[in-house]
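Student: Let me give you the structure first, and then I'll get to my questions.
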Amino acid sequence: MFVNNIHLQHYRNYSQLELNSFGPVNLLIGQNAQGKTNLVEAIYVLALTKSHRTSKDKELISFDGSSAYLSSSVSKKYGDVRLELAISPQGKRAKINGLEQRKLSDFVGSLNVVMFAPEDLEIVKGTPGVRRRFLDMEIGQVAPGYLYHLQQYQKVLVQRNNLLKQAWGKDLASILVMLDIWNEQLVEHGVKIVKKRKQFIKKLQRWAEEIHQGITGGGEVLKLSYVPSFGEPEEEDEAVLLERFMLKLSQMRDQEIRRGMTLAGPHRDDLAFAINGKEVHTYGSQGQQRTTALSLKLAEIELIHEEIGEYPVLLLDDVLSELDPYRQTQLIETFQSKVQTFITATGIESLNAGRLKEASIYHVHAGH
Ligand code: ATP
Ligand code: MG
């Protein structure tokens with residue numbers, strides 16, 4: 001798919017911006033704090049209705065504005081779509097071809113993007129929460145229904161945690177009746193989430209391993225695995241998962257009441273990376289961690305293509321200049337003919353890949 005243009009109003013440091021006729025490769029060049037990241041972030045927000053940098057939508061609205069507006073025309077295999085998103089302190093509203101979408105999750109997926117930014121290193125180095133967020137955002141893009149189960153799960157989780165917080169010292173019988181009701185719902189949505197995550201990781205694994213071998217010259221084997229808080233890592237059968245989740249909750253019951261929180265479920269799971277059998281988080285060098293993150297992102301491009309039959313748009317924020325000229329060239333040439341790419345950098349000198357000479361260049365200066 002191809003982003004033809006973008007129009008922003010009161011978005012971050014852009015009070016008004018209209019950019020037309022993007023090319024296959026677009027370089028956004030500017031000094032620090034001029035709005036390069038804000039611009040690629042805007043494309044990401046049009047795809048996912050959420051920022052990759054913050055969960056607080058309010059931060060996306062200009063300091064001097066009351067609501068932000070983003071729109072873009074995107075060319076897809078079956079025609080053009082016009083996407084519009086309005087963000088106000090009261091919430092978000094989205095339109096596809098002028099038609100208001102009742103649920104934001106119906107809007108997500110109209111535009112597909114893969115973003116690679118410096119903070120993505122945290123997917124490898126950071127806490128399990130970062131990896132769960134990565135899984136949720138990426139699966140949400142390609143699997144209709146996933147975000148619904150995630151939202152429902154989170155709602156039930158809050159209610160269940162509230163109950164557990166008040167449970168200590170109270171009449172156990174009445175607590176257990178309530179807990180049973182929440183358990184049913186928690187397990188119902190939790191199992192769907194875990195199953196999708198496992199399927200996603202299995203598919204991502206195939207591409208990531210191949211791409212990683214390409215980058216490293218074949219000497220390293222990258223493996224991805226799901227680290228569940230209940231049941232076996234590879235188990236995907238819903239009935240089995242359901243039974244295992246229920247069992248785990250019953251085993252943890254006393255501990256949960258004591259600690260006042262839910263201790264098993266997809267909100268406690270993790271994703272692990274290993275190179276040649278060794279955990280990258282613990283043993284990987286800086287370079288290996290970066291290559292792992294890059295392989296993951298490139299694998300996602302292929303995975304999205306496999307799932308929806310179209311290549312997503314690639315957003316590279318500040319990462320290309322970090323790679324040596326060989327890797328820059330490899331990255332650009334692998335995808336140039338298939339994947340529309342937006343690249344930010346502070347100067348054109350740091351970009352060495354030959355093909356970048358044909359790119360469209362935009363100079364970003366103080367939100368213009
Ligand atoms: P760098 O090269 O340092 O990464 P950048 O060009 O990517 O810089 P951005 O992250 O896009 O810079 O930020 C540009 C400016 O936008 C910053 O000075 C920041 O203070 C400003 N900014 C962020 N949020 C808002 C907002 N809600 N309203 C107005 N300005 C904002
Ligand atoms: Mg930036």
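Labels used: A, B, ... for chains in the order of the structure tokens, numbers from 1 for residues in each chain, and numbers from 1 for ligands as shown.
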Give as a PyMOL selection string the residues surrounding ligand 2 up to a distance of 8 Å, considering only C-alpha atoms and all ligand atoms.

Tutor: chain A and resi 32-33+35-38+317-318+344

Student: Taking only C-alpha atoms and all ligand atoms into account, list the residues no farther than 8 Å from ligand 1, as a count of residues only.

Tutor: 31

Student: Write out as a list of chain:residue names each polymer residue whose atoms come within 9 Å of stretch 65-70 of chain A, counting only C-alpha atoms; drop sequence neighbours fewer than 4 positions from it.

Tutor: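 Final neighbour list, sorted by chain and number: A:Ile6, A:His7, A:Leu8, A:Gln9, A:His10, A:Tyr11, A:Arg12, A:Ser15, A:Ala42, A:Ile43, A:Val45, A:Leu46, A:Lys58, A:Leu60, A:Ile61, A:Leu83, A:Glu84, A:Leu85, A:Ala86, A:Ile87, A:Ser88, A:Pro89.
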
Student: Could you please take those selected residues and save N, CA and C atoms as a PDB file, in the first residue's frame?

Tutor:
ATOM      1  N   ILE A   6      -0.551  13.555   3.208  1.00  0.00           N
ATOM      2  CA  ILE A   6      -0.990  13.659   4.599  1.00  0.00           C
ATOM      3  C   ILE A   6      -1.384  15.098   4.901  1.00  0.00           C
ATOM      4  N   HIS A   7      -2.391  15.215   5.731  1.00  0.00           N
ATOM      5  CA  HIS A   7      -2.857  16.530   6.135  1.00  0.00           C
ATOM      6  C   HIS A   7      -3.005  16.511   7.655  1.00  0.00           C
ATOM      7  N   LEU A   8      -2.326  17.461   8.319  1.00  0.00           N
ATOM      8  CA  LEU A   8      -2.383  17.513   9.785  1.00  0.00           C
ATOM      9  C   LEU A   8      -2.859  18.879  10.255  1.00  0.00           C
ATOM     10  N   GLN A   9      -3.676  18.857  11.299  1.00  0.00           N
ATOM     11  CA  GLN A   9      -4.074  20.117  11.954  1.00  0.00           C
ATOM     12  C   GLN A   9      -3.910  19.949  13.456  1.00  0.00           C
ATOM     13  N   HIS A  10      -3.210  20.902  14.061  1.00  0.00           N
ATOM     14  CA  HIS A  10      -2.998  20.888  15.517  1.00  0.00           C
ATOM     15  C   HIS A  10      -2.502  19.551  16.017  1.00  0.00           C
ATOM     16  N   TYR A  11      -1.618  18.957  15.241  1.00  0.00           N
ATOM     17  CA  TYR A  11      -0.999  17.695  15.653  1.00  0.00           C
ATOM     18  C   TYR A  11       0.427  17.990  16.108  1.00  0.00           C
ATOM     19  N   ARG A  12       0.724  17.697  17.398  1.00  0.00           N
ATOM     20  CA  ARG A  12       2.072  17.964  17.956  1.00  0.00           C
ATOM     21  C   ARG A  12       2.516  19.383  17.576  1.00  0.00           C
ATOM     22  N   SER A  15       0.835  23.032  13.350  1.00  0.00           N
ATOM     23  CA  SER A  15      -0.493  23.645  13.473  1.00  0.00           C
ATOM     24  C   SER A  15      -1.288  23.355  12.203  1.00  0.00           C
ATOM     25  N   ALA A  42       2.647  10.493  13.046  1.00  0.00           N
ATOM     26  CA  ALA A  42       1.299  10.786  12.537  1.00  0.00           C
ATOM     27  C   ALA A  42       0.831   9.690  11.569  1.00  0.00           C
ATOM     28  N   ILE A  43       1.742   9.212  10.731  1.00  0.00           N
ATOM     29  CA  ILE A  43       1.377   8.126   9.805  1.00  0.00           C
ATOM     30  C   ILE A  43       1.038   6.860  10.603  1.00  0.00           C
ATOM     31  N   VAL A  45      -0.094   6.784  13.668  1.00  0.00           N
ATOM     32  CA  VAL A  45      -1.373   7.002  14.367  1.00  0.00           C
ATOM     33  C   VAL A  45      -2.546   6.801  13.402  1.00  0.00           C
ATOM     34  N   LEU A  46      -2.365   7.209  12.150  1.00  0.00           N
ATOM     35  CA  LEU A  46      -3.432   6.985  11.161  1.00  0.00           C
ATOM     36  C   LEU A  46      -3.653   5.485  10.905  1.00  0.00           C
ATOM     37  N   LYS A  58      -3.721  12.763  24.643  1.00  0.00           N
ATOM     38  CA  LYS A  58      -3.702  14.219  24.853  1.00  0.00           C
ATOM     39  C   LYS A  58      -2.376  14.833  24.377  1.00  0.00           C
ATOM     40  N   LEU A  60      -0.792  14.225  21.863  1.00  0.00           N
ATOM     41  CA  LEU A  60      -0.733  14.360  20.406  1.00  0.00           C
ATOM     42  C   LEU A  60      -1.335  15.682  19.921  1.00  0.00           C
ATOM     43  N   ILE A  61      -2.154  16.285  20.764  1.00  0.00           N
ATOM     44  CA  ILE A  61      -2.807  17.540  20.386  1.00  0.00           C
ATOM     45  C   ILE A  61      -1.833  18.694  20.639  1.00  0.00           C
ATOM     46  N   LEU A  83      -8.592   8.221   4.805  1.00  0.00           N
ATOM     47  CA  LEU A  83      -8.669   7.984   6.247  1.00  0.00           C
ATOM     48  C   LEU A  83      -8.655   9.313   6.992  1.00  0.00           C
ATOM     49  N   GLU A  84      -9.528   9.440   7.966  1.00  0.00           N
ATOM     50  CA  GLU A  84      -9.568  10.652   8.784  1.00  0.00           C
ATOM     51  C   GLU A  84      -9.659  10.263  10.244  1.00  0.00           C
ATOM     52  N   LEU A  85      -8.889  10.978  11.066  1.00  0.00           N
ATOM     53  CA  LEU A  85      -8.928  10.706  12.499  1.00  0.00           C
ATOM     54  C   LEU A  85      -8.925  12.041  13.242  1.00  0.00           C
ATOM     55  N   ALA A  86      -9.875  12.199  14.144  1.00  0.00           N
ATOM     56  CA  ALA A  86      -9.921  13.407  14.978  1.00  0.00           C
ATOM     57  C   ALA A  86      -9.676  12.990  16.416  1.00  0.00           C
ATOM     58  N   ILE A  87      -8.761  13.697  17.074  1.00  0.00           N
ATOM     59  CA  ILE A  87      -8.417  13.354  18.461  1.00  0.00           C
ATOM     60  C   ILE A  87      -8.734  14.547  19.348  1.00  0.00           C
ATOM     61  N   SER A  88      -9.604  14.350  20.310  1.00  0.00           N
ATOM     62  CA  SER A  88      -9.914  15.429  21.241  1.00  0.00           C
ATOM     63  C   SER A  88      -9.816  14.867  22.655  1.00  0.00           C
ATOM     64  N   PRO A  89      -9.807  15.723  23.673  1.00  0.00           N
ATOM     65  CA  PRO A  89      -9.709  15.199  25.046  1.00  0.00           C
ATOM     66  C   PRO A  89     -10.876  14.252  25.381  1.00  0.00           C
TER      67      PRO A  89
END

Student: So that I can check the surroundings of A:Met261, please list as a list in words every protein, DNA and RNA residue that reaches within 7 Å of it, counting only C-alpha atoms and ignoring chain neighbours fewer than 6 positions away.

Tutor: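 Near A:Met261, the qualifying residues are Asn161, Leu164 and Lys165 of chain A.
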
Student: Those same residues - N, CA and C atoms - I'd like them written as a PDB file, in the first residue's frame.

Tutor:
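Wrote it out as selection_14.pdb, contents follow:
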ATOM      1  N   ASN A 161      -9.312  -7.516  39.665  1.00  0.00           N
ATOM      2  CA  ASN A 161      -8.302  -7.001  40.583  1.00  0.00           C
ATOM      3  C   ASN A 161      -8.952  -6.186  41.706  1.00  0.00           C
ATOM      4  N   LEU A 164     -10.247  -8.598  44.176  1.00  0.00           N
ATOM      5  CA  LEU A 164      -9.164  -9.219  44.944  1.00  0.00           C
ATOM      6  C   LEU A 164      -8.575  -8.257  45.975  1.00  0.00           C
ATOM      7  N   LYS A 165      -8.533  -6.985  45.603  1.00  0.00           N
ATOM      8  CA  LYS A 165      -7.997  -5.967  46.527  1.00  0.00           C
ATOM      9  C   LYS A 165      -8.850  -5.856  47.791  1.00  0.00           C
TER      10      LYS A 165
END

Student: Residues at most 7 Å from A:Tyr153, counting only C-alpha atoms, excluding those fewer than 4 positions away in the same chain, as a list of chain:residue names?

Tutor: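 After dropping sequence-adjacent residues, the list is A:His149, A:Leu157, A:Leu186, A:His189, A:Gly190.
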
Student: Keeping only N, CA and C atoms, write the selected residues as an mmCIF file, in the first residue's frame.

Tutor:
data_model
loop_
_atom_site.group_PDB
_atom_site.id
_atom_site.type_symbol
_atom_site.label_atom_id
_atom_site.label_comp_id
_atom_site.auth_asym_id
_atom_site.auth_seq_id
_atom_site.Cartn_x
_atom_site.Cartn_y
_atom_site.Cartn_z
ATOM 1 N N HIS A 149 -10.999 -8.678 21.972
ATOM 2 C CA HIS A 149 -10.748 -9.574 23.111
ATOM 3 C C HIS A 149 -9.803 -8.925 24.124
ATOM 4 N N LEU A 157 -10.138 -7.738 33.826
ATOM 5 C CA LEU A 157 -8.961 -7.765 34.708
ATOM 6 C C LEU A 157 -9.058 -6.676 35.781
ATOM 7 N N LEU A 186 -12.627 -13.855 32.217
ATOM 8 C CA LEU A 186 -11.177 -13.669 32.077
ATOM 9 C C LEU A 186 -10.593 -14.769 31.194
ATOM 10 N N HIS A 189 -11.723 -14.609 27.249
ATOM 11 C CA HIS A 189 -10.970 -13.680 26.399
ATOM 12 C C HIS A 189 -9.471 -13.962 26.448
ATOM 13 N N GLY A 190 -8.993 -14.363 27.620
ATOM 14 C CA GLY A 190 -7.562 -14.631 27.786
ATOM 15 C C GLY A 190 -7.066 -15.721 26.843
#

Student: Could you list, as a list in words, every residue within 12 Å of A:Ser105, counting only C-alpha atoms and ignoring same-chain residues fewer than 5 positions away?

Tutor: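 Neighbouring residues, sequence-local ones excluded: Ala47, Leu48, Thr49, Lys50, Lys92, Arg93, Ala94, Lys95, Ser110, Met137, Gly140, Gln141, Val142, Ala143, Pro144, Gly145, Tyr146, Leu147, Tyr148, His149, Leu150 and Gln151 of chain A.
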
Student: Compare A:His368, A:Glu184, A:Leu222, A:Tyr362 by their minimum atom-to-atom distance to A:Ser21, counting only C-alpha atoms, and give me the closest one.

Tutor: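 For A:Ser21, the nearest of the given residues is A:Tyr362.
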
Student: Run DSSP on the backbone and give me the residues of stretch 133-255 of chain A it puts in strand (DSSP E or B), as a list in words.

Tutor: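 Strand (DSSP E or B) members of stretch 133-255 of chain A, listed: Leu222, Lys223, Leu224, Ser225, Tyr226 and Val227 of chain A.
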
Student: Using only C-alpha atoms, which of the listed residues (A:Lys195, A:His363, A:Lys125, A:Arg268) sits closest to A:Ile343?

Tutor: A:His363

Student: Quick one: distance from atom CA of A:Val313 to atom CA of A:Gln340 in Å, one decimal?

Tutor: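 Separating atom CA of A:Val313 from atom CA of A:Gln340 is a distance of 5.1 Å.
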
Student: Rank A:Thr341, A:Thr282, A:Gln185, A:Asn112 by their smallest atom-to-atom distance to A:Glu310, using only C-alpha atoms, and report the top residue only.

Tutor: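 Nearest candidate to A:Glu310 out of A:Thr341, A:Thr282, A:Gln185, A:Asn112: A:Asn112.
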
Student: In terms of the shortest atom-to-atom distance over only C-alpha atoms, which of A:Phe2, A:Phe22, A:Arg253, A:Gln154 is closest to A:Arg82?

Tutor: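 Counting only C-alpha atoms, the residue closest to A:Arg82 is A:Phe2.
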
Student: So that I can see what lies close to A:Tyr226, please list as a list in words the residues with an atom at most 8 Å from it, counting only C-alpha atoms and leaving out residues fewer than 5 positions away in the same chain.

Tutor: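 Residues meeting the cut-off are Arg197, Lys198, Ile201, Pro233, Glu234, Asp269, Asp270, Leu271 and Ala272 of chain A.
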